[in-house]
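Colleague: Got a structure here, written out as structure tokens. Questions coming.
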Number of protein chains: 2
Amino acid sequence: MTMVSVDKGGSRSDRTKAAILTAARARFAAHGYERTTIRGVAEDARIDPSMVMRYYGNKAQLFDAALAIDLRMPDLSNVSADDLPRTLVRHFLTRWEGDPADDALLVLTRSAVTNEHAAARMHDVFATQVAPALAAAVGPEVAARSAGLVSAQLLGLALTRYLLRLPAVTALTPDQIERSLAPAIAATLKPT
Amino acid sequence: MTMVSVDKGGSRSDRTKAAILTAARARFAAHGYERTTIRGVAEDARIDPSMVMRYYGNKAQLFDAALAIDLRMPDLSNVSADDLPRTLVRHFLTRWEGDPADDALLVLTRSAVTNEHAAARMHDVFATQVAPALAAAVGPEVAARSAGLVSAQLLGLALTRYLLRLPAVTALTPDQIERSLAPAIAATLKPT
DNA sequence: GTGAGATGTCAACAAGTGATGGCCTACACT
DNA sequence: AGTGTAGGCCATCACTTGTTGACATCTCAC
């Protein structure tokens with residue numbers, strides 16, 4: 001078995017494997033699943049298309065690898081009810097705008113709309129990351145009732161601002177969004 | 001020149017042209033632009049693929065025809081500020097769930113996420129249908145400030161309920177949604 | 001150095017796509 | 001009944017796609 005290479009990030013294969021994944025994420029994020037081609041990814045990663053197959057088996061598995069995502073939800077259990085909406089909005093804004101090179105969110109959201117498999121992953125992200133974080137803050141009953149629509153509001157923001165880029169939404173500053181959307185989310189969380 | 005045919009809906013060519021468009025809408029709505037094939041549309045419309053080209057020129061123009069949409073926004077100028085959010089939410093829910101055979105909304109929303117041209121049409125729909133209707137109700141200043149985020153919330157609902165089909169959102173009844181989302185929209189409309 | 005396994009290149013395949021143009025057919029009008 | 005034309009079909013092209021397998025090259029332990 002071949003052992004340790006000195007370069008950062010592990011063996012040579014690990015590096016090209018990562019290069020492929022990065023290129024794939026960028027393309028999937030920009031063009032979605034169908035319009036992303038293995039050849040295009042390979043070109044960006046400066047390797048032969050067949051290497052993509054060697055390391056990821058096929059396009060679907062490459063896509064699968066690109067879908068891995070962590071929302072990095074903060075611990076909301078100690079956030080007061082008053083602060084919760086603002087905290088949520090701010091977290092999502094920084095998560096989306098923080099690191100422009102991080103295409104993972106874009107990949108998942110964009111492809112979930114047209115790809116069943118990606119949609120299933122989205123369900124999973126909701127169930128394992130969003131819902132629990134919310135339940136920790138407002139309790140299971142309120143969360144069960146409102147988590148869906150809270151997510152709808154946050155995803156609506158992502159949709160209009162980062163995918164559709166509606167001018168009426170991209171024109172707003174993060175602060176304006178926070179001031180307008182936090183009360184809205186607060187309203188959904190309130191018992192009817 | 002051939003004249004009037006007795007059949008409903010005009011000449012024979014008009015009928016097949018309409019059949020093609022209907023089939024195309026259904027496929028674009030279900031699978032998006034890329035995964036919709038001329039051959040598939042033709043099969044659904046029970047005609048030869050070349051007929052699609054004859055009547056619509058090419059796939060892009062067919063898509064363009066399928067994107068035509070009318071939100072049927074009601075006149076909101078006489079709706080009280082208190083009733084506005086509820087009216088909006090209810091209108092969108094019935095618009096989306098009223099006629100299941102009407103795929104137009106689904107086509108536009110689904111494809112706008114991965115297709116630049118469809119996104120441009122979405123911008124147009126917003127600018128010519130949503131924004132004016134809102135401006136008539138709350139005045140131009142408030143509309144300019146909040147129309148974007150109001151749309152974000154309504155599109156977020158559409159996204160999670162009809163495209164992603166998040167269980168946490170599909171489980172809700174229209175009434176529940178109205179009760180939870182209307183106050184939220186009211187909050188975004190309120191001056192900060 | 002040398003051989004073996006890892007890494008990478010090359011050419012090609014089969015399938016499916018949008019698109020084209022020639023040909024057939026049925027209908028409306030005389 | 002004859003005929004021109006709109007409506008429809010077939011065969012086919014050129015191209016792109018994912019995927020494959022044979023071959024070259026590089027790296028490193030021995």
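A note on labels: chains of the structure tokens are A, B, ... as shown, every chain counts residues from 1, and ligands are counted from 1 in their shown order.
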Taking only C-alpha atoms (C1' of nucleotides) into account, find every residue of chain A that has an atom no more than 9 Å from chain D, and write it out as a count of residues only.
Modeller: 7
Colleague: Specify as a ChimeraX atom specification all residues of chain C found within 9 Å of chain B, counting only C-alpha atoms (C1' of nucleotides).
Modeller: /C:17-20,28-29
Colleague: Define the interface residues of chain B facing chain A as those within 8 Å, counting only C-alpha atoms, and report them as a short mmCIF file (atom, residue, chain, number, x, y, z; two decimals) with C-alpha atoms, in the first residue's frame.
Modeller:
```cif
data_model
loop_
_atom_site.label_atom_id
_atom_site.label_comp_id
_atom_site.auth_asym_id
_atom_site.auth_seq_id
_atom_site.Cartn_x
_atom_site.Cartn_y
_atom_site.Cartn_z
CA HIS B 31 -39.08 17.78 -15.69
CA GLY B 32 -37.80 21.25 -16.46
CA GLU B 34 -33.34 20.25 -20.22
CA ARG B 35 -35.00 16.96 -19.50
CA ARG B 110 -39.35 25.35 -11.87
CA SER B 111 -37.40 26.47 -14.89
CA ALA B 112 -36.62 29.97 -13.67
CA VAL B 113 -34.24 28.40 -11.17
CA THR B 114 -31.94 26.85 -13.77
CA ALA B 119 -35.62 33.84 -14.81
CA MET B 122 -40.03 35.79 -13.80
CA HIS B 123 -38.55 39.24 -13.32
CA ALA B 144 -41.04 49.58 -3.38
CA SER B 146 -41.58 45.46 0.67
CA ALA B 147 -42.76 43.95 -2.61
CA GLY B 148 -39.55 41.97 -2.95
CA LEU B 149 -39.79 40.28 0.41
CA ALA B 152 -40.05 36.03 -1.46
CA GLN B 153 -42.47 34.73 1.13
CA LEU B 154 -45.10 33.70 -1.39
CA LEU B 155 -42.51 32.10 -3.64
CA GLY B 156 -41.01 30.39 -0.61
CA LEU B 157 -44.37 28.83 0.02
CA LEU B 159 -41.10 26.37 -3.54
CA THR B 160 -41.46 24.27 -0.41
CA LEU B 163 -41.71 22.07 -5.96
CA LEU B 164 -39.76 20.54 -3.11
CA LEU B 166 -41.38 19.39 2.01
CA PRO B 167 -43.59 17.21 4.22
CA ALA B 168 -43.62 19.87 6.91
CA VAL B 169 -45.30 22.22 4.43
CA ILE B 177 -51.07 28.37 5.97
CA ARG B 179 -53.38 31.85 9.46
CA SER B 180 -49.59 31.52 9.78
CA LEU B 181 -48.40 33.33 6.72
CA PRO B 183 -49.51 37.79 9.81
CA ALA B 184 -45.98 37.30 8.52
CA ILE B 185 -46.69 39.21 5.38
CA ALA B 186 -48.47 41.84 7.40
CA ALA B 187 -45.28 42.23 9.39
CA THR B 188 -43.15 42.83 6.32
CA THR B 192 -39.97 49.48 10.28
#
```
Colleague: Write down as a ChimeraX atom specification the residues belonging to chain A that are assigned alpha helix (DSSP H) by DSSP computed on the backbone.
Modeller: /A:12-35,38-45,49-56,59-66,84-97,104-112,116-125,131-138,140-158,167-170,174-189
Colleague: Between A:Leu108, A:Ala19, A:Ile47, A:Ala60, single out the one closest to Val125 of chain A, counting only C-alpha atoms.
Modeller: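 The closest residue to Val125 of chain A is A:Leu108.
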Colleague: Using only C-alpha atoms (C1' of nucleotides), which protein or nucleic acid residues come within 7 Å of segment 63-68 of chain A? Drop anything in the same chain fewer than 4 positions from it, and give the result as a count of residues only.
Modeller: 7
